[in-house]
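Pasted below: entry27.cif, mmCIF, C-alpha atoms.
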```cif
data_start
loop_
_atom_site.group_PDB
_atom_site.id
_atom_site.type_symbol
_atom_site.label_atom_id
_atom_site.label_comp_id
_atom_site.auth_asym_id
_atom_site.auth_seq_id
_atom_site.Cartn_x
_atom_site.Cartn_y
_atom_site.Cartn_z
ATOM 1 C CA MET A 84 0.000 0.000 0.000
ATOM 2 C CA GLU A 85 1.554 3.295 -1.150
ATOM 3 C CA ASN A 86 0.851 6.700 0.326
ATOM 4 C CA LYS A 87 0.747 8.837 -2.817
ATOM 5 C CA LYS A 88 -0.233 12.470 -3.061
ATOM 6 C CA PRO A 89 -3.523 13.118 -4.876
ATOM 7 C CA ASN A 90 -1.752 14.884 -7.748
ATOM 8 C CA GLY A 91 -0.216 11.554 -8.780
ATOM 9 C CA ALA A 92 3.388 12.485 -7.976
ATOM 10 C CA GLY A 93 5.635 9.668 -6.833
ATOM 11 C CA VAL A 94 6.040 11.080 -3.324
ATOM 12 C CA ARG A 95 5.103 8.757 -0.478
ATOM 13 C CA PHE A 96 5.036 9.284 3.274
ATOM 14 C CA ASP A 97 8.162 7.101 3.448
ATOM 15 C CA ASP A 98 10.011 9.829 1.539
ATOM 16 C CA TYR A 99 9.640 12.131 4.568
ATOM 17 C CA LYS A 100 10.831 9.668 7.215
ATOM 18 C CA ASP A 101 14.484 10.782 7.078
ATOM 19 C CA ILE A 102 13.540 14.434 7.410
ATOM 20 C CA ILE A 103 11.206 13.698 10.327
ATOM 21 C CA SER A 104 13.602 11.358 12.152
ATOM 22 C CA GLY A 105 16.483 13.778 11.566
ATOM 23 C CA GLY A 106 14.398 16.597 13.028
ATOM 24 C CA VAL A 107 13.536 14.533 16.110
ATOM 25 C CA MET A 108 17.198 13.565 16.482
ATOM 26 C CA LEU A 109 18.194 17.241 16.170
ATOM 27 C CA LEU A 110 15.738 18.204 18.928
ATOM 28 C CA PHE A 111 17.127 15.445 21.150
ATOM 29 C CA ALA A 112 20.690 16.642 20.439
ATOM 30 C CA GLY A 113 19.613 20.146 21.390
ATOM 31 C CA GLY A 114 18.281 18.809 24.680
ATOM 32 C CA ILE A 115 21.564 17.042 25.364
ATOM 33 C CA LEU A 116 23.509 20.238 24.626
ATOM 34 C CA LEU A 117 21.212 22.293 26.869
ATOM 35 C CA GLY A 118 21.643 19.740 29.646
ATOM 36 C CA ALA A 119 25.422 19.708 29.172
ATOM 37 C CA ASN A 120 25.514 23.474 29.587
ATOM 38 C CA GLN A 121 23.768 23.091 32.955
ATOM 39 C CA ILE A 122 26.613 20.957 34.343
ATOM 40 C CA LYS A 123 28.519 22.938 36.935
ATOM 41 C CA ILE A 124 32.260 22.981 36.325
ATOM 42 C CA HIS A 125 35.117 24.765 38.054
ATOM 43 C CA LYS A 126 36.351 27.896 36.333
ATOM 44 C CA LEU A 127 39.907 26.565 36.452
ATOM 45 C CA SER A 128 39.040 23.174 34.950
ATOM 46 C CA SER A 129 40.618 22.057 31.709
ATOM 47 C CA LEU A 130 38.942 21.517 28.356
ATOM 48 C CA VAL A 131 38.169 17.926 29.353
ATOM 49 C CA ASN A 132 35.726 18.198 32.239
ATOM 50 C CA ALA A 133 32.362 16.792 33.292
ATOM 51 C CA ALA A 134 30.566 18.604 30.458
ATOM 52 C CA PHE A 135 32.994 17.497 27.729
ATOM 53 C CA MET A 136 31.431 14.132 26.788
ATOM 54 C CA PRO A 137 27.792 15.307 26.869
ATOM 55 C CA ARG A 138 28.750 18.249 24.651
ATOM 56 C CA LEU A 139 30.698 16.001 22.306
ATOM 57 C CA VAL A 140 27.807 13.525 22.065
ATOM 58 C CA GLY A 141 25.291 16.343 21.563
ATOM 59 C CA MET A 142 27.350 17.940 18.799
ATOM 60 C CA ALA A 143 28.010 14.616 17.064
ATOM 61 C CA MET A 144 24.322 13.760 17.265
ATOM 62 C CA ALA A 145 23.365 17.169 15.839
ATOM 63 C CA VAL A 146 25.788 16.734 12.922
ATOM 64 C CA CYS A 147 24.416 13.232 12.217
ATOM 65 C CA ALA A 148 20.844 14.553 12.416
ATOM 66 C CA LEU A 149 21.631 17.302 9.923
ATOM 67 C CA ILE A 150 23.232 14.780 7.553
ATOM 68 C CA VAL A 151 20.147 12.547 7.769
ATOM 69 C CA MET A 152 17.862 15.524 7.113
ATOM 70 C CA VAL A 153 19.897 16.771 4.121
ATOM 71 C CA GLU A 154 19.947 13.282 2.603
ATOM 72 C CA GLY A 155 16.187 13.085 3.183
ATOM 73 C CA ILE A 156 15.670 16.389 1.391
ATOM 74 C CA PHE A 157 17.723 15.215 -1.612
ATOM 75 C CA HIS A 158 15.803 11.922 -1.671
ATOM 76 C CA LEU A 159 12.504 13.831 -1.526
ATOM 77 C CA LYS A 160 13.532 16.082 -4.432
ATOM 78 C CA LYS A 161 14.432 13.000 -6.511
ATOM 79 C CA ALA A 162 11.117 11.354 -5.655
ATOM 80 C CA LYS A 163 9.155 14.455 -6.671
ATOM 81 C CA GLN A 164 10.921 14.632 -10.052
ATOM 82 C CA ALA A 165 10.630 10.928 -10.876
ATOM 83 C CA PRO A 166 7.502 9.346 -12.351
ATOM 84 C CA PRO A 167 5.661 7.131 -9.813
ATOM 85 C CA SER A 168 6.986 3.879 -11.299
ATOM 86 C CA ASP A 169 10.596 5.108 -11.197
ATOM 87 C CA VAL A 170 10.669 5.764 -7.433
ATOM 88 C CA PRO A 171 13.311 3.369 -6.077
ATOM 89 C CA GLN A 172 12.188 0.961 -3.385
ATOM 90 C CA GLU A 173 14.414 0.031 -0.477
ATOM 91 C CA PRO A 174 15.950 -3.421 -0.905
ATOM 92 C CA GLU A 175 14.544 -6.189 1.268
ATOM 93 C CA ILE A 176 16.931 -7.531 3.906
ATOM 94 C CA PRO A 177 16.332 -11.212 4.702
ATOM 95 C CA GLY A 178 15.071 -11.687 8.253
ATOM 96 C CA VAL A 179 14.425 -7.969 8.845
ATOM 97 C CA ASN A 180 10.898 -6.579 9.024
ATOM 98 C CA LYS A 181 11.008 -2.761 8.881
ATOM 99 C CA ASP A 182 7.514 -2.472 10.297
ATOM 100 C CA GLU A 183 8.335 -4.523 13.416
ATOM 101 C CA PRO A 184 8.547 -2.185 16.442
ATOM 102 C CA LYS A 185 10.000 -4.734 18.900
ATOM 103 C CA PRO A 186 13.709 -3.872 18.329
ATOM 104 C CA LEU A 187 12.983 -0.156 18.712
ATOM 105 C CA ILE A 188 10.972 -0.721 21.880
ATOM 106 C CA ALA A 189 13.670 -3.028 23.261
ATOM 107 C CA THR A 190 16.346 -0.400 22.536
ATOM 108 C CA ILE A 191 14.358 2.322 24.294
ATOM 109 C CA LEU A 192 13.802 0.037 27.303
ATOM 110 C CA LEU A 193 17.510 -0.816 27.377
ATOM 111 C CA MET A 194 18.405 2.889 27.407
ATOM 112 C CA ILE A 195 15.970 3.587 30.237
ATOM 113 C CA GLY A 196 17.333 0.596 32.163
ATOM 114 C CA TYR A 197 20.892 1.820 31.584
ATOM 115 C CA ALA A 198 20.045 5.259 32.950
ATOM 116 C CA LEU A 199 18.323 3.763 36.007
ATOM 117 C CA LEU A 200 21.108 1.265 36.751
ATOM 118 C CA PHE A 201 24.053 3.578 36.069
ATOM 119 C CA GLU A 202 24.458 4.874 39.644
ATOM 120 C CA PRO A 203 23.618 1.705 41.634
ATOM 121 C CA LEU A 204 25.603 -0.724 39.441
ATOM 122 C CA GLY A 205 28.312 1.649 38.326
ATOM 123 C CA PHE A 206 29.661 2.336 34.854
ATOM 124 C CA ILE A 207 31.252 -1.027 34.070
ATOM 125 C CA LEU A 208 28.363 -3.300 35.066
ATOM 126 C CA SER A 209 25.568 -1.105 33.672
ATOM 127 C CA SER A 210 27.467 -0.498 30.417
ATOM 128 C CA ALA A 211 28.238 -4.202 30.008
ATOM 129 C CA LEU A 212 24.573 -5.101 30.572
ATOM 130 C CA TYR A 213 23.413 -2.431 28.133
ATOM 131 C CA ALA A 214 25.946 -3.402 25.456
ATOM 132 C CA PHE A 215 25.096 -7.097 25.803
ATOM 133 C CA GLY A 216 21.372 -6.396 25.550
ATOM 134 C CA GLN A 217 21.824 -4.088 22.556
ATOM 135 C CA ILE A 218 24.003 -6.616 20.724
ATOM 136 C CA MET A 219 21.357 -9.282 21.236
ATOM 137 C CA VAL A 220 18.561 -6.937 20.075
ATOM 138 C CA LEU A 221 20.497 -6.188 16.893
ATOM 139 C CA THR A 222 21.328 -9.848 16.249
ATOM 140 C CA LEU A 223 18.849 -11.652 14.020
ATOM 141 C CA PRO A 224 16.932 -14.309 15.985
ATOM 142 C CA GLU A 225 18.215 -17.145 13.799
ATOM 143 C CA ASN A 226 21.821 -16.100 14.586
ATOM 144 C CA ARG A 227 21.409 -16.143 18.370
ATOM 145 C CA THR A 228 23.450 -19.213 19.181
ATOM 146 C CA LYS A 229 25.274 -20.089 22.394
ATOM 147 C CA LYS A 230 28.506 -18.977 20.730
ATOM 148 C CA GLN A 231 26.894 -15.620 19.853
ATOM 149 C CA TRP A 232 25.730 -15.128 23.460
ATOM 150 C CA VAL A 233 29.252 -15.793 24.777
ATOM 151 C CA LEU A 234 30.821 -13.517 22.157
ATOM 152 C CA ALA A 235 28.319 -10.733 22.911
ATOM 153 C CA ALA A 236 29.012 -11.011 26.655
ATOM 154 C CA ALA A 237 32.784 -10.948 26.103
ATOM 155 C CA VAL A 238 32.604 -7.921 23.798
ATOM 156 C CA ALA A 239 30.289 -6.088 26.205
ATOM 157 C CA VAL A 240 32.567 -6.648 29.209
ATOM 158 C CA ILE A 241 35.829 -5.903 27.372
ATOM 159 C CA VAL A 242 34.521 -2.694 25.783
ATOM 160 C CA SER A 243 33.025 -1.493 29.079
ATOM 161 C CA VAL A 244 36.301 -2.075 30.925
ATOM 162 C CA LEU A 245 38.365 -0.400 28.185
ATOM 163 C CA VAL A 246 36.098 2.650 28.124
ATOM 164 C CA TYR A 247 36.233 2.858 31.937
ATOM 165 C CA VAL A 248 40.041 2.706 31.876
ATOM 166 C CA ALA A 249 40.153 5.377 29.148
ATOM 167 C CA PHE A 250 37.979 7.720 31.201
ATOM 168 C CA ARG A 251 39.598 6.950 34.561
ATOM 169 C CA CYS A 252 43.243 6.823 33.546
ATOM 170 C CA GLY A 253 43.388 8.684 30.249
ATOM 171 C CA LEU A 254 40.966 11.530 30.991
ATOM 172 C CA ASP A 255 41.222 11.367 34.808
ATOM 173 C CA MET A 256 37.431 11.435 35.137
ATOM 174 C CA LEU A 257 35.576 9.692 37.914
ATOM 175 C CA LEU A 258 32.759 7.345 36.958
ATOM 176 C CA PRO A 259 30.421 5.496 39.309
ATOM 177 C CA VAL A 260 31.928 2.171 40.338
ATOM 178 C CA GLY A 261 28.951 0.561 42.112
ATOM 179 C CA PRO A 262 29.470 -2.822 43.745
ATOM 180 C CA LEU A 263 32.887 -3.212 42.096
ATOM 181 C CA SER A 264 34.236 -0.847 44.749
ATOM 182 C CA MET A 265 34.290 -3.898 47.051
ATOM 183 C CA ILE A 266 37.185 -5.306 45.011
ATOM 184 C CA GLY A 267 39.131 -2.045 45.152
ATOM 185 C CA LEU A 268 38.094 -0.540 41.839
ATOM 186 C CA GLY A 269 37.693 3.204 41.870
#
```

Just give me the structure as structure tokens.
Amino acid sequence: MENKKPNGAGVRFDDYKDIISGGVMLLFAGGILLGANQIKIHKLSSLVNAAFMPRLVGMAMAVCALIVMVEGIFHLKKAKQAPPSDVPQEPEIPGVNKDEPKPLIATILLMIGYALLFEPLGFILSSALYAFGQIMVLTLPENRTKKQWVLAAAVAVIVSVLVYVAFRCGLDMLLPVGPLSMIGLG
């Protein structure tokens, strides 16, 4: 079922999805940047401080959002100029249903869980749990083998530890440790 304009042009609602999602992403990036500017920092602190990463993430997200929106605008212009039969369709990916909301819902729930568990479990444990969950959400169901579960867990733990070490030792930034403080971490 195609959503065509009444004038018969080859423009469908799907042609606007990049512009809309880019706009939502840009608003979210703006919120992150506003929140980052509310972080209190010492006047004598260096360039790398508590607000550095949120600002970096917000700026990177804003740039990505703008890229998505510009690509969406170019795609929309092409769709408006092409006859209805010439509008390219997205290729089908085996095992992936674009209209299935479960992965999106799972990702949102994982992010909420990560935010809620960050302080009590600390950076390493909450990040490892989030990364493991996200890897499994993004893995096609038919590829979820025991080997894949072990690999996902290993990657999640190793990446979380490496990022913690980079922040703690490289950037000299404190992150919540949680229960791992019992073994002297932190």

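Nearest residue to Lys161 in chain A, choosing from A:Val260, A:Asp255, A:Asp98, A:Tyr247 and counting only C-alpha atoms: A:Asp98.
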
Run the PyMOL selection byres ((chain A and resi 152-156) around 7) mentally over the shown coordinates, then write out the matched residues as a PDB file with C-alpha atoms, in the frame of the given file, using the chain letters and numbers from the document.
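Below is the file that was written, selection-v6.pdb:
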```pdb
ATOM      1  CA  TYR A  99       9.640  12.131   4.568  1.00  0.00           C
ATOM      2  CA  ASP A 101      14.484  10.782   7.078  1.00  0.00           C
ATOM      3  CA  ILE A 102      13.540  14.434   7.410  1.00  0.00           C
ATOM      4  CA  GLY A 105      16.483  13.778  11.566  1.00  0.00           C
ATOM      5  CA  GLY A 106      14.398  16.597  13.028  1.00  0.00           C
ATOM      6  CA  ALA A 148      20.844  14.553  12.416  1.00  0.00           C
ATOM      7  CA  LEU A 149      21.631  17.302   9.923  1.00  0.00           C
ATOM      8  CA  ILE A 150      23.232  14.780   7.553  1.00  0.00           C
ATOM      9  CA  VAL A 151      20.147  12.547   7.769  1.00  0.00           C
ATOM     10  CA  PHE A 157      17.723  15.215  -1.612  1.00  0.00           C
ATOM     11  CA  HIS A 158      15.803  11.922  -1.671  1.00  0.00           C
ATOM     12  CA  LEU A 159      12.504  13.831  -1.526  1.00  0.00           C
ATOM     13  CA  LYS A 160      13.532  16.082  -4.432  1.00  0.00           C
TER      14      LYS A 160
END
```

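Closest approach to Leu208 in chain A from the set A:Leu263, A:Ile195, A:Val140, A:Ala237 is made by A:Leu263, with distances taken over all atoms listed in the file.
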
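If only C-alpha atoms are the atoms counted, then among A:Thr190, A:Val244, A:Ser104, A:Met142 the closest residue to Ser209 in chain A is A:Val244.
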
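Omitting Ala112 in chain A and its sequence neighbours fewer than 2 positions away, and counting all atoms listed in the file, the residues within 9 Å are A:Val107, A:Met108, A:Leu109, A:Leu110, A:Gly114, A:Ile115, A:Leu116, A:Leu117, A:Val140, A:Gly141, A:Met142, A:Ala143, A:Met144, A:Ala145, A:Ala148.
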
Could you list, as a ChimeraX atom specification, every residue within 9 Å of range 131-135 of chain A, counting all atoms listed in the file and ignoring same-chain residues fewer than 5 positions away? /A:119-125,140,254,256

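Those residues returned by the PyMOL selection byres ((chain A and resi 214) around 9) for this file are A:Ser209, A:Ser210, A:Ala211, A:Leu212, A:Tyr213, A:Phe215, A:Gly216, A:Gln217, A:Ile218, A:Met219, A:Ala235, A:Ala236, A:Val238, A:Ala239, A:Val240, A:Val242, A:Ser243.
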
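Within 8 Å of the point (28.5, 3.7, 41.0), and counting all atoms listed in the file, the protein, DNA and RNA residues are Phe201, Glu202, Pro203, Leu204, Gly205, Phe206, Leu258, Pro259, Val260, Gly261 and Pro262 of chain A.
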
How would the residues just picked look written out with C-alpha atoms as a short mmCIF file (atom, residue, chain, number, x, y, z; two decimals), keeping the file's coordinate frame?
```cif
data_model
loop_
_atom_site.label_atom_id
_atom_site.label_comp_id
_atom_site.auth_asym_id
_atom_site.auth_seq_id
_atom_site.Cartn_x
_atom_site.Cartn_y
_atom_site.Cartn_z
CA PHE A 201 24.05 3.58 36.07
CA GLU A 202 24.46 4.87 39.64
CA PRO A 203 23.62 1.70 41.63
CA LEU A 204 25.60 -0.72 39.44
CA GLY A 205 28.31 1.65 38.33
CA PHE A 206 29.66 2.34 34.85
CA LEU A 258 32.76 7.34 36.96
CA PRO A 259 30.42 5.50 39.31
CA VAL A 260 31.93 2.17 40.34
CA GLY A 261 28.95 0.56 42.11
CA PRO A 262 29.47 -2.82 43.74
#
```

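Nearest residue to Leu187 in chain A among A:Ala162, A:Pro137, A:Leu221, A:Asn226 is A:Leu221, counting all atoms listed in the file.
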
Can you tell me, as JSON, the centre and edge lengths (Å, one decimal) of the axis-aligned box enclosing all of range 220-238 of chain A's listed atoms after padding each side by 6 Å?
```
{"center_x": 24.9, "center_y": -13.1, "center_z": 20.2, "size_x": 27.9, "size_y": 25.9, "size_z": 24.9}
```
